[in-house]
Amino acid sequence: MTQPAETLAKQLALVIDLNVCVGCHACVTSCKQWNTSGSAGPLADLNAYGAEPSGTFFNRVQTWEAGAYPAAETIHFPKSCLHCEDPPCVPVCPTGASYKRKEDGIVLVDYDRCIGCKYCAWACPYGARELDEARQVMTKCTLCVDRIYDEKLAPEDRKPACVKACPTNARLFGDVKDPESEVSKAIRERGGYALMPEWETRPANQYLPRLVRQAQEF
Amino acid sequence: MNHADPVGITQALDAGNTVKTTTCYMCACRCGIKVHVRDGEVRYIEGNPEHPLNRGVICAKGSAGIMKQVSPARLTRPLLRKPGSERGAGAFEAISWDKAYEILAERLGRIRATDPKRFALFTGRDQMQALTGLFARQFGTPNYAAHGGFCSVNMAAGMIYSIGGSFWEFGGPDLDRAKLFVMIGTAEDHHSNPLKIAISKFKRGGGRFISINPVRTGYSAIADEWIPIRPGTDGALFMALLHVLIATDRIDHAFLKRYTNAPQLVVEDDGERLGLFAFDPAAGPPGDGRNPHNKLVWDKVGGRVLAAYPAGIADGCDPALEGRYALADGTRVVPAFQLLRERVAPCTPAWAEGITGIPAARIEALAREIGTAAFEQAFELPIPWTDAWGREHPTTVGRPVAFHAMRGLAAHSNGFQTVRALAVLMSVLGTIDAPGGFRHKAPYPRHIVPNYRAFNAPEMIKPNTPLNAAPLGFPASPEELAINPDGSPIRIDHAYSWEHPLSAHGMMHNVITNAVKGDPYRLDTLMIFMANMAWNSTMNTMAVREMLNRKDADGEYAIPFLVVCDAFQSEMVAFADLVLPDTTYLERHDVMSMLDRPISEFDGPVDSVRVPVVPPAGECRPFQEVLVELASRLKFPAFTTAEGGRKFRDYPDFVVNFEAQPGVGFLMGWRGEDGATHLRGAPNPKQWEMYEKNNCVFQYHMPENMHFMRNWNRAYLDFAKEKGWRQKNDPVQLALYSDTLQSFRLAAQGKSQGRQPPVHLRERIAAYFDPLPFWYAPLEYAATDTAAYPLNAVTQRPMAMYHAWDSQNAWLRQIHSHNTLQVNPVTAKAAGVADGAWCWVESQWGRVRCIARHSEAVEPGTVWTWNAIGKASGAWQLEPGADESRKGFLLNHLISEELPLAGETSRRISNSDPVTGQAGWYDVRVRIRPAAPDEAEESHPQIAAMPDVPGVAGRGAKVLAYFAGKRK
């Protein structure tokens, strides 16, 4: 039975600044290398050296074009689990493997309980879940939960691998429920927006739009 | 419900890890990294926050270094082609290193003792030219270069001959202080993470970013404005911008008068001094590129001629930038700037519109915006400095308009003059080494012309004798060309010959063709390091593959012995007679040296090292060790003690103890016996340890008064000379007008004494060695029916693979496993090519079949694709049918390495810039048409699968599930 989502006091999330993302894919492979040898790994790569290679990546960058030449835009769009406040992937899980943490709002999968039924992937409107073909378990972004709370790491390293790697600092990380956090301020001041709000999933991750500076402005 | 604790699981797994700092080499950027190792396997590679270059960030390539380590294509044993087997068939037997060294020492020893030029060493994207160049020089062969000739030598030479420095890692845009940033052409390559960091900060700080490029991708995606331009026409845009800026007087007069050769008087009387700078006979010989002294200006105040260089502009003198004057002896002279003004006068925005496709009004507005940024947004930093003539400046003037360009400008046969035009544009705005403009990085600026002569004396090629100069350098006049008395090239690649006089990085792209033709002679042994000349690093790939296998009538290979050193089973490996398995960057010592290509910052020099983090795979040995070993066995003087013994134990020992000048070695940090002195000092036996303890990097912060205006900064010029970075402390006046180029033109016109080019090259040299920048159509167009081939075809590397030259990385290939041809929908529909359909792309030289994709982000006269994604079947241990070989393709098949010589089409000449020999990759013209419905849905051409070689790590698992160290 679907329960109304609990409103949590803390919700960790990524805020991704499309104004500076150059589509370099640093977030994609830094995520892969951290997670493949950690608690979420290994992340399998099918046909790693063959036709149509297809591996498990928690984070991918899509590239889109918008507009017509010469007013065409090229948009790089990093996408991973949005850690919804009302995640549709959680209630559909028959084993309780898919869950949302009360302490920080991170949506996780407990691989020991996952039976690979894919209900959660069908429920997710964002296509953010990745079935690991080797283990036949559902995987996804953990916000590097095994980095951000690791007290053996230096405080400045307690961030998701993608956030640390990003050369343009396009990935901000923090608590979107704390109005004074860097992410909340960025959302307020820069017009942060959620993906597909009509699905009422209340994604925690948000995006900052492109800004175009005209010649006369400076 | 209780769930597994992910934090505890990972903590337990990582409990015994070791972490070592070193330097990345997944591309040319060379970021500082921290490598985490678990049970001997790489667990995680992160950016080092203590490193000045990347400050903790890392890119997609650096983050995928683990997949390079575990590549199934790793070569692990030395290989010898099986007797009786054909070259290219890939039949090898594994041999020991002792045997490999024995073969090499015997063969190279024999060549060196007889005719050393028959050994050629060409290296790919290595950044160890201080060592490889030394090896070639000590061997006694001029036939040495790295890959710059087919990469971006136009960018290096065009700017170094104009402002004494260049983009690249030698200088760059000061985005911390710029207000307007203009990037022209593809430029995502060198210094990529620092540039990404800077662009992000710049945009967030309110700067405006304009990208001028035929394609909107990469950094252009986040530009505030994209101005599409036709490939190869950037020079016309720069000339038109100069036209508008000069016509509207938006130029920095004071800067031009004091810091450039704009006011210097050029002789207009016909004769051997025509177009050269006037001089005062009483003050000594005339100046030239080597020794630019004894120049004159016209003082408007006194109505008289005054000395200008090196004396500088005297107090009270107002040198004329315009007008025409006469010297006391009646010689007619003109300030160089007057000639520039006349040169750009006809280059109106309307003229440029017809060439570039950019509307004239947009060009005018761009010029206004650039001028406004440079002058209305100008500022002063409270940094006092003293110029080369002793004048004290209480502040430093900022000109906040910064430009950046790299390969997009360089890889055209008009690239040198295009880059010159950009350098002149930046100079008239006063942005050179100015806050907010372009800034140099030590050891730049160099002298104009740099004080490095390339080897050019054929009589000095002698058995068992080092050359009397390094093989590469910067010629300053025809007298310094590497030619024989009859005018023919000394070098196998024809670099520094009349064909391409200023080929400062050599011409690797012509080595194989010339060696097979025996033009100017045959080689015995060609050694190739880290360059895929049988695939994506060569023009005309299929023909070059045939040439590598070509035999003479007597059954001998035209190139008798090919040595390939590579870490991976590339396409080139199949063509080797001897294969030497190299290490990866995580398995060896390396230096990013001031003698080579350091990683300096604007505020001071930086060098760095690599140290081994994991042991070498199999029997792999670093190429550096191979060179030190061979140099020792062959008893090169620099590697041999006075008693005849071996001087250096190994490469690390060489790095510590070799001195290029007294106190100047490969590394500048922690010198002196106790490691207490920096930059210059005695060798320090513990230098490696000190680098290791300090993040493998040494950064020197110069005092603030040496941060800017270094072409003319007395404190800096003296300091740089003292530290061995410069041979002279003369100021470096910007060469808006290049008398060096004019000296070649005079020779071609038969006006000067001394060397003159052969008849068939005279017109060419007279045309392109113009002392002022100009735009001309890429040379290939004259040899092309441009109506039949209406489209330009260009390539670039994607950011996730830029300069990532090996291994077909399992993670990165999932981002780009195959490439498609990007075509504007209007162009595609006109040709009947549907989105996603197979099509043929044809040039006059060849054709490829590939998948087309409609894209609004490319100008309609251009088609483009990602470069070097297509692979030969079986190479890199990719499975037959892998996307790279079945769907991926190279544009190289459409590009010829030679063109008919204009005016004398029976002769062929390198498809390169006529000044520098830069390969004209981006000049090819093509047409497209749909593939027939019954054609195979695979790219064309296809290559027979390459067999596995002995010792190769071997086929990757169908499912790769990398997990460092022992399983959970």
# chains A, B, ... in the order shown; residues from 1 in each chain; ligands from 1
$ residues_around --residues "His147 in chain B" --least-positions-apart "3" --cutoff "12 Å" --atoms "only C-alpha atoms" --output "ChimeraX atom specification"
/B:121-129,144,150-153,503-511,528-533,537-538,803,917-919
$ interface_residues --of "chain B" --to "chain A" --cutoff "7 Å" --atoms "only C-alpha atoms" --output "PyMOL selection string"
chain B and resi 3-4+6-7+9-10+43-44+47+57-60+63-64+193+196-197+200+208+216-219+221-222+224+799-800+810+814+856-857+878-879+881-883+956+958-964
$ write_last_selection --atoms "N, CA and C atoms" --output "compact mmCIF listing (two decimals), in the first residue's frame"
# COMPACT_ATOMS: atom_id res chain seq x y z
N HIS B 3 19.13 -2.56 7.20
CA HIS B 3 19.80 -2.70 5.90
C HIS B 3 21.30 -2.79 6.10
N ALA B 4 21.96 -3.36 5.10
CA ALA B 4 23.43 -3.44 5.13
C ALA B 4 24.01 -2.03 5.27
N PRO B 6 26.50 0.43 4.13
CA PRO B 6 27.45 0.64 3.03
C PRO B 6 28.73 1.34 3.49
N VAL B 7 28.61 2.19 4.50
CA VAL B 7 29.80 2.90 4.97
C VAL B 7 30.80 1.91 5.55
N ILE B 9 30.99 -1.29 5.04
CA ILE B 9 31.52 -2.23 4.04
C ILE B 9 32.71 -1.60 3.31
N THR B 10 32.53 -0.40 2.84
CA THR B 10 33.61 0.24 2.08
C THR B 10 34.81 0.53 2.98
N ARG B 43 42.66 1.05 -6.89
CA ARG B 43 41.30 1.08 -6.39
C ARG B 43 40.61 2.40 -6.79
N TYR B 44 41.38 3.49 -6.80
CA TYR B 44 40.72 4.79 -7.01
C TYR B 44 41.80 5.81 -7.36
N GLY B 47 41.88 13.43 -8.13
CA GLY B 47 42.67 14.63 -8.33
C GLY B 47 43.32 15.04 -7.02
N VAL B 57 40.58 18.54 -8.97
CA VAL B 57 39.62 17.98 -9.92
C VAL B 57 40.32 16.96 -10.81
N ILE B 58 39.52 16.20 -11.51
CA ILE B 58 40.06 15.19 -12.43
C ILE B 58 39.03 15.01 -13.54
N CYS B 59 39.48 14.56 -14.70
CA CYS B 59 38.53 14.47 -15.83
C CYS B 59 38.09 13.02 -16.04
N ALA B 60 37.31 12.83 -17.10
CA ALA B 60 36.81 11.49 -17.40
C ALA B 60 37.96 10.52 -17.69
N SER B 63 39.95 9.66 -14.53
CA SER B 63 39.14 8.79 -13.67
C SER B 63 39.02 7.39 -14.22
N ALA B 64 39.44 7.19 -15.47
CA ALA B 64 39.35 5.87 -16.09
C ALA B 64 40.73 5.23 -16.23
N ASN B 193 41.96 20.59 -17.96
CA ASN B 193 41.30 20.82 -16.66
C ASN B 193 41.49 22.25 -16.16
N LYS B 196 39.01 24.31 -18.00
CA LYS B 196 37.62 24.09 -17.53
C LYS B 196 37.38 24.82 -16.21
N ILE B 197 38.34 24.70 -15.31
CA ILE B 197 38.22 25.40 -14.02
C ILE B 197 38.06 26.90 -14.28
N SER B 200 34.67 28.06 -16.00
CA SER B 200 33.56 28.02 -15.05
C SER B 200 33.60 29.23 -14.12
N ARG B 208 31.76 37.36 -20.24
CA ARG B 208 31.02 36.95 -21.44
C ARG B 208 31.95 36.12 -22.33
N ARG B 216 29.20 23.57 -32.76
CA ARG B 216 28.96 23.93 -31.36
C ARG B 216 28.97 22.67 -30.51
N THR B 217 30.10 22.41 -29.90
CA THR B 217 30.21 21.28 -28.98
C THR B 217 31.26 21.67 -27.96
N GLY B 218 31.65 20.75 -27.09
CA GLY B 218 32.71 21.04 -26.14
C GLY B 218 32.42 22.30 -25.35
N TYR B 219 33.47 23.10 -25.15
CA TYR B 219 33.30 24.33 -24.37
C TYR B 219 32.33 25.29 -25.05
N ALA B 221 29.58 24.78 -26.11
CA ALA B 221 28.21 24.54 -25.66
C ALA B 221 27.79 25.57 -24.62
N ILE B 222 28.72 25.99 -23.76
CA ILE B 222 28.33 26.92 -22.70
C ILE B 222 28.73 28.35 -23.02
N ASP B 224 28.25 32.08 -24.28
CA ASP B 224 27.08 32.96 -24.31
C ASP B 224 26.62 33.19 -25.74
N MET B 799 35.94 15.27 -25.45
CA MET B 799 36.65 15.56 -24.20
C MET B 799 37.01 14.30 -23.41
N ALA B 800 36.16 13.29 -23.50
CA ALA B 800 36.44 12.07 -22.74
C ALA B 800 37.58 11.27 -23.36
N ALA B 810 37.97 0.51 -21.46
CA ALA B 810 36.65 -0.13 -21.39
C ALA B 810 35.56 0.82 -20.91
N GLN B 814 32.65 3.19 -23.70
CA GLN B 814 31.19 3.16 -23.58
C GLN B 814 30.57 4.54 -23.77
N GLU B 856 21.88 20.36 -35.87
CA GLU B 856 21.69 21.80 -36.06
C GLU B 856 22.91 22.58 -35.58
N ALA B 857 23.83 21.89 -34.90
CA ALA B 857 24.96 22.58 -34.27
C ALA B 857 26.20 22.54 -35.15
N LEU B 878 40.16 -5.52 -29.33
CA LEU B 878 38.71 -5.41 -29.45
C LEU B 878 38.21 -6.64 -30.19
N GLU B 879 37.02 -7.10 -29.82
CA GLU B 879 36.46 -8.28 -30.48
C GLU B 879 36.12 -7.95 -31.93
N GLY B 881 33.92 -7.26 -34.85
CA GLY B 881 32.55 -6.74 -34.79
C GLY B 881 32.35 -5.68 -33.73
N ALA B 882 33.40 -5.31 -33.00
CA ALA B 882 33.29 -4.22 -32.03
C ALA B 882 32.83 -2.95 -32.76
N ASP B 883 32.13 -2.12 -32.04
CA ASP B 883 31.56 -0.91 -32.66
C ASP B 883 32.62 -0.08 -33.37
N GLY B 956 39.56 -9.61 -23.27
CA GLY B 956 38.84 -9.24 -22.07
C GLY B 956 37.66 -10.17 -21.89
N LYS B 958 33.89 -11.33 -21.38
CA LYS B 958 32.62 -10.86 -21.95
C LYS B 958 31.98 -9.89 -20.97
N VAL B 959 32.06 -10.27 -19.70
CA VAL B 959 31.58 -9.37 -18.66
C VAL B 959 32.77 -8.97 -17.79
N LEU B 960 33.05 -7.69 -17.81
CA LEU B 960 34.12 -7.18 -16.97
C LEU B 960 33.47 -6.65 -15.69
N ALA B 961 33.95 -7.11 -14.57
CA ALA B 961 33.40 -6.61 -13.30
C ALA B 961 34.59 -6.25 -12.43
N TYR B 962 35.14 -5.07 -12.67
CA TYR B 962 36.38 -4.70 -11.99
C TYR B 962 36.12 -4.42 -10.53
N PHE B 963 36.92 -5.05 -9.71
CA PHE B 963 36.85 -4.81 -8.27
C PHE B 963 38.28 -4.94 -7.77
N ALA B 964 38.82 -3.84 -7.28
CA ALA B 964 40.25 -3.84 -6.93
C ALA B 964 40.53 -4.79 -5.77
$ closest_residue --among "A:Pro179, A:Gln206, A:Cys124, A:Leu82" --to "Lys10 in chain A" --atoms "only C-alpha atoms"
A:Pro179
$ select_by_dssp --residues "range 3-185 of chain A" --states "strand (DSSP E or B)" --output "MDAnalysis selection string"
chainID A and resid 12:17 45:46 54:55 59:66 73:80 98:100 107:109 130:132 137:139 171:175
$ write_last_selection --atoms "N, CA and C atoms" --output "CSV table (one decimal), in the first residue's frame"
chain,number,residue,atom,x,y,z
A,12,LEU,N,19.7,15.2,1.5
A,12,LEU,CA,20.9,15.4,0.7
A,12,LEU,C,20.5,15.3,-0.8
A,13,ALA,N,21.2,16.1,-1.6
A,13,ALA,CA,20.9,16.1,-3.0
A,13,ALA,C,22.1,16.8,-3.8
A,14,LEU,N,22.0,16.6,-5.1
A,14,LEU,CA,22.9,17.3,-6.0
A,14,LEU,C,22.2,18.4,-6.7
A,15,VAL,N,22.8,19.5,-6.9
A,15,VAL,CA,22.3,20.6,-7.7
A,15,VAL,C,23.3,20.8,-8.9
A,16,ILE,N,22.8,20.6,-10.1
A,16,ILE,CA,23.7,20.6,-11.2
A,16,ILE,C,23.5,21.8,-12.1
A,17,ASP,N,24.7,22.5,-12.3
A,17,ASP,CA,24.6,23.8,-12.9
A,17,ASP,C,24.9,23.7,-14.4
A,45,ASP,N,30.5,-4.5,-16.7
A,45,ASP,CA,30.5,-4.0,-18.1
A,45,ASP,C,30.3,-5.1,-19.0
A,46,LEU,N,29.2,-5.2,-19.7
A,46,LEU,CA,28.9,-6.2,-20.6
A,46,LEU,C,29.5,-5.9,-21.9
A,54,SER,N,27.9,-2.3,-22.8
A,54,SER,CA,26.9,-1.7,-21.9
A,54,SER,C,27.2,-2.1,-20.5
A,55,GLY,N,27.6,-1.1,-19.8
A,55,GLY,CA,27.9,-1.3,-18.4
A,55,GLY,C,27.0,-0.6,-17.4
A,59,ASN,N,25.7,7.3,-13.1
A,59,ASN,CA,25.6,8.6,-13.6
A,59,ASN,C,26.0,8.7,-15.0
A,60,ARG,N,25.1,9.3,-15.9
A,60,ARG,CA,25.4,9.4,-17.3
A,60,ARG,C,25.2,10.9,-17.7
A,61,VAL,N,25.9,11.2,-18.8
A,61,VAL,CA,25.7,12.6,-19.4
A,61,VAL,C,25.0,12.4,-20.7
A,62,GLN,N,23.9,13.0,-20.9
A,62,GLN,CA,23.2,13.0,-22.2
A,62,GLN,C,23.5,14.3,-22.9
A,63,THR,N,23.6,14.3,-24.2
A,63,THR,CA,23.8,15.6,-24.9
A,63,THR,C,22.7,15.8,-25.9
A,64,TRP,N,22.1,17.0,-25.8
A,64,TRP,CA,20.9,17.3,-26.6
A,64,TRP,C,21.2,18.5,-27.4
A,65,GLU,N,20.5,18.7,-28.5
A,65,GLU,CA,20.5,19.9,-29.3
A,65,GLU,C,19.1,20.5,-29.1
A,66,ALA,N,19.1,21.9,-29.1
A,66,ALA,CA,17.9,22.6,-29.1
A,66,ALA,C,18.0,23.8,-30.0
A,73,GLU,N,21.5,25.3,-29.8
A,73,GLU,CA,22.2,25.1,-28.6
A,73,GLU,C,22.6,23.7,-28.4
A,74,THR,N,23.7,23.4,-27.8
A,74,THR,CA,24.2,22.1,-27.4
A,74,THR,C,24.1,22.0,-25.9
A,75,ILE,N,23.3,21.1,-25.3
A,75,ILE,CA,23.2,21.0,-23.9
A,75,ILE,C,23.7,19.7,-23.4
A,76,HIS,N,24.6,19.8,-22.4
A,76,HIS,CA,25.0,18.6,-21.8
A,76,HIS,C,24.3,18.4,-20.5
A,77,PHE,N,23.8,17.2,-20.3
A,77,PHE,CA,22.8,17.0,-19.2
A,77,PHE,C,23.1,15.8,-18.4
A,78,PRO,N,23.8,16.0,-17.3
A,78,PRO,CA,24.2,14.8,-16.4
A,78,PRO,C,22.9,14.4,-15.7
A,79,LYS,N,22.8,13.1,-15.6
A,79,LYS,CA,21.6,12.5,-14.9
A,79,LYS,C,21.9,11.3,-14.1
A,80,SER,N,21.4,11.3,-12.9
A,80,SER,CA,21.5,10.2,-12.0
A,80,SER,C,20.3,10.1,-11.1
A,98,SER,N,14.5,-1.6,-1.8
A,98,SER,CA,14.6,-0.2,-2.2
A,98,SER,C,14.1,0.6,-1.1
A,99,TYR,N,14.8,1.5,-0.6
A,99,TYR,CA,14.4,2.3,0.6
A,99,TYR,C,14.9,3.7,0.6
A,100,LYS,N,14.2,4.5,1.3
A,100,LYS,CA,14.7,5.9,1.5
A,100,LYS,C,15.1,6.1,2.9
A,107,VAL,N,18.1,7.7,-1.3
A,107,VAL,CA,17.4,6.5,-1.7
A,107,VAL,C,18.4,5.4,-2.0
A,108,LEU,N,18.3,4.3,-1.4
A,108,LEU,CA,19.4,3.2,-1.6
A,108,LEU,C,18.7,1.9,-2.0
A,109,VAL,N,19.5,1.0,-2.4
A,109,VAL,CA,19.1,-0.4,-2.7
A,109,VAL,C,19.9,-1.3,-1.8
A,130,GLU,N,19.7,1.3,-12.7
A,130,GLU,CA,20.6,0.5,-13.6
A,130,GLU,C,20.7,-0.9,-13.1
A,131,LEU,N,20.1,-1.9,-13.9
A,131,LEU,CA,20.2,-3.3,-13.5
A,131,LEU,C,21.6,-3.8,-13.8
A,132,ASP,N,22.3,-4.2,-12.8
A,132,ASP,CA,23.7,-4.8,-13.0
A,132,ASP,C,23.5,-6.2,-13.6
A,137,VAL,N,21.2,-7.4,-9.8
A,137,VAL,CA,20.6,-6.6,-8.8
A,137,VAL,C,20.4,-5.2,-9.4
A,138,MET,N,19.5,-4.5,-8.8
A,138,MET,CA,19.2,-3.1,-9.3
A,138,MET,C,20.2,-2.2,-8.5
A,139,THR,N,20.8,-1.3,-9.3
A,139,THR,CA,21.8,-0.4,-8.7
A,139,THR,C,21.4,1.0,-9.0
A,171,ARG,N,28.7,20.6,-10.1
A,171,ARG,CA,27.9,19.7,-9.2
A,171,ARG,C,28.0,20.2,-7.8
A,172,LEU,N,26.9,20.7,-7.2
A,172,LEU,CA,26.9,21.1,-5.9
A,172,LEU,C,26.2,20.1,-5.0
A,173,PHE,N,26.6,19.9,-3.8
A,173,PHE,CA,26.1,18.8,-3.0
A,173,PHE,C,25.8,19.4,-1.6
A,174,GLY,N,24.6,19.0,-1.1
A,174,GLY,CA,24.3,19.4,0.3
A,174,GLY,C,22.9,19.1,0.6
A,175,ASP,N,22.4,19.8,1.7
A,175,ASP,CA,21.1,19.5,2.3
A,175,ASP,C,20.1,20.6,1.7
$ residues_around --residues "Glu353 in chain B" --least-positions-apart "4" --cutoff "10 Å" --atoms "only C-alpha atoms" --output "PyMOL selection string"
chain B and resi 229+233+236-237+240+348-349+357-363
$ write_last_selection --atoms "N, CA and C atoms" --output "CSV table (one decimal), in the first residue's frame"
chain,number,residue,atom,x,y,z
B,229,ILE,N,31.4,29.6,-38.2
B,229,ILE,CA,32.4,30.1,-39.2
B,229,ILE,C,32.8,28.9,-40.1
B,233,THR,N,38.8,29.7,-42.4
B,233,THR,CA,38.6,31.1,-42.8
B,233,THR,C,38.9,32.1,-41.6
B,236,ALA,N,40.7,35.3,-42.2
B,236,ALA,CA,40.0,36.4,-42.8
B,236,ALA,C,39.2,37.2,-41.8
B,237,LEU,N,38.6,36.5,-40.8
B,237,LEU,CA,37.9,37.2,-39.7
B,237,LEU,C,38.9,38.1,-38.9
B,240,ALA,N,39.7,41.2,-40.8
B,240,ALA,CA,38.6,42.1,-40.8
B,240,ALA,C,38.5,42.8,-39.4
B,348,THR,N,37.8,44.4,-45.4
B,348,THR,CA,36.6,44.9,-44.8
B,348,THR,C,35.7,43.8,-44.2
B,349,PRO,N,34.8,44.1,-43.3
B,349,PRO,CA,33.9,43.1,-42.9
B,349,PRO,C,33.1,42.5,-44.0
B,357,GLY,N,31.5,33.5,-44.0
B,357,GLY,CA,30.1,33.3,-43.8
B,357,GLY,C,29.5,34.0,-42.6
B,358,ILE,N,30.3,34.8,-41.9
B,358,ILE,CA,29.8,35.6,-40.8
B,358,ILE,C,29.3,36.9,-41.3
B,359,PRO,N,28.1,37.3,-41.0
B,359,PRO,CA,27.6,38.6,-41.5
B,359,PRO,C,28.5,39.8,-41.2
B,360,ALA,N,28.6,40.7,-42.1
B,360,ALA,CA,29.6,41.8,-41.9
B,360,ALA,C,29.2,42.6,-40.6
B,361,ALA,N,27.9,42.8,-40.4
B,361,ALA,CA,27.5,43.6,-39.2
B,361,ALA,C,27.9,42.9,-37.9
B,362,ARG,N,27.9,41.5,-38.0
B,362,ARG,CA,28.3,40.8,-36.8
B,362,ARG,C,29.8,41.0,-36.5
B,363,ILE,N,30.6,41.0,-37.6
B,363,ILE,CA,32.0,41.2,-37.5
B,363,ILE,C,32.3,42.6,-36.9
$ select_by_dssp --residues "range 548-662 of chain B" --states "alpha helix (DSSP H)" --output "number ranges by chain"
B: 548, 623-633, 651-657
$ write_last_selection --atoms "N, CA and C atoms" --output "compact mmCIF listing (two decimals), in the first residue's frame"
# COMPACT_ATOMS: atom_id res chain seq x y z
N LEU B 548 54.26 0.70 -45.62
CA LEU B 548 55.01 0.06 -44.53
C LEU B 548 55.43 -1.36 -44.93
N PHE B 623 60.17 3.23 -21.86
CA PHE B 623 60.96 3.60 -23.02
C PHE B 623 62.19 4.41 -22.61
N GLN B 624 62.03 5.20 -21.56
CA GLN B 624 63.18 5.99 -21.08
C GLN B 624 64.35 5.07 -20.72
N GLU B 625 64.02 3.96 -20.05
CA GLU B 625 65.08 3.01 -19.67
C GLU B 625 65.72 2.38 -20.90
N VAL B 626 64.90 2.14 -21.92
CA VAL B 626 65.44 1.57 -23.16
C VAL B 626 66.46 2.54 -23.76
N LEU B 627 66.10 3.83 -23.77
CA LEU B 627 67.01 4.81 -24.37
C LEU B 627 68.30 4.94 -23.55
N VAL B 628 68.16 4.97 -22.23
CA VAL B 628 69.37 5.09 -21.39
C VAL B 628 70.26 3.86 -21.58
N GLU B 629 69.63 2.70 -21.66
CA GLU B 629 70.39 1.46 -21.85
C GLU B 629 71.12 1.47 -23.20
N LEU B 630 70.37 1.84 -24.26
CA LEU B 630 71.01 1.85 -25.59
C LEU B 630 72.10 2.91 -25.67
N ALA B 631 71.83 4.07 -25.12
CA ALA B 631 72.83 5.15 -25.14
C ALA B 631 74.08 4.73 -24.41
N SER B 632 73.91 3.95 -23.35
CA SER B 632 75.07 3.47 -22.58
C SER B 632 75.83 2.40 -23.36
N ARG B 633 75.08 1.46 -23.94
CA ARG B 633 75.74 0.40 -24.71
C ARG B 633 76.47 0.95 -25.93
N TYR B 651 67.29 5.52 -15.63
CA TYR B 651 66.68 6.80 -15.96
C TYR B 651 66.57 7.73 -14.74
N PRO B 652 66.09 7.24 -13.59
CA PRO B 652 66.05 8.15 -12.43
C PRO B 652 67.43 8.72 -12.11
N ASP B 653 68.47 7.91 -12.24
CA ASP B 653 69.83 8.37 -11.98
C ASP B 653 70.23 9.44 -13.01
N PHE B 654 69.85 9.21 -14.25
CA PHE B 654 70.11 10.19 -15.31
C PHE B 654 69.43 11.52 -14.98
N VAL B 655 68.16 11.46 -14.58
CA VAL B 655 67.40 12.69 -14.30
C VAL B 655 68.09 13.50 -13.21
N VAL B 656 68.57 12.82 -12.20
CA VAL B 656 69.20 13.53 -11.09
C VAL B 656 70.54 14.15 -11.51
N ASN B 657 71.31 13.42 -12.27
CA ASN B 657 72.71 13.81 -12.46
C ASN B 657 73.05 14.48 -13.79
$ residues_around --residues "Leu381 in chain B" --least-positions-apart "6" --cutoff "12 Å" --atoms "only C-alpha atoms" --output "list in words"
Arg177, His393, Pro394, Thr395, Thr396, Val397, Gly398, Arg399, Pro400, Ala434, Pro435, Gly436, Glu704, Asn705, His707 and Phe708 of chain B
$ residues_around --residues "Arg341 in chain B" --least-positions-apart "3" --cutoff "8 Å" --atoms "only C-alpha atoms" --output "PyMOL selection string"
chain B and resi 243+246+337-338+344-345
$ atom_distance --atom1 "CA of Gly133 in chain B" --atom2 "CA of Gly165 in chain B"
21.0 Å
$ residues_around --residues "Ile559 in chain B" --least-positions-apart "5" --cutoff "9 Å" --atoms "only C-alpha atoms" --output "number ranges by chain"
B: 512, 515-516, 522-526, 547-551
$ atom_distance --atom1 "CA of Pro72 in chain B" --atom2 "CA of Trp876 in chain B"
7.7 Å
$ decode --residues "range 52-56 of chain A" --atoms "N, CA and C atoms" --output "PDB file, in the first residue's frame"
ATOM      1  N   GLU A  52      28.462  -3.077 -28.995  1.00  0.00           N
ATOM      2  CA  GLU A  52      27.462  -2.499 -28.102  1.00  0.00           C
ATOM      3  C   GLU A  52      27.780  -2.721 -26.629  1.00  0.00           C
ATOM      4  N   PRO A  53      28.898  -2.222 -26.190  1.00  0.00           N
ATOM      5  CA  PRO A  53      29.255  -2.374 -24.775  1.00  0.00           C
ATOM      6  C   PRO A  53      28.204  -1.691 -23.906  1.00  0.00           C
ATOM      7  N   SER A  54      27.928  -2.308 -22.776  1.00  0.00           N
ATOM      8  CA  SER A  54      26.874  -1.748 -21.939  1.00  0.00           C
ATOM      9  C   SER A  54      27.177  -2.074 -20.490  1.00  0.00           C
ATOM     10  N   GLY A  55      27.578  -1.065 -19.772  1.00  0.00           N
ATOM     11  CA  GLY A  55      27.947  -1.284 -18.379  1.00  0.00           C
ATOM     12  C   GLY A  55      27.019  -0.564 -17.434  1.00  0.00           C
ATOM     13  N   THR A  56      27.239  -0.824 -16.159  1.00  0.00           N
ATOM     14  CA  THR A  56      26.463  -0.170 -15.117  1.00  0.00           C
ATOM     15  C   THR A  56      27.141   1.148 -14.760  1.00  0.00           C
TER      16      THR A  56
END
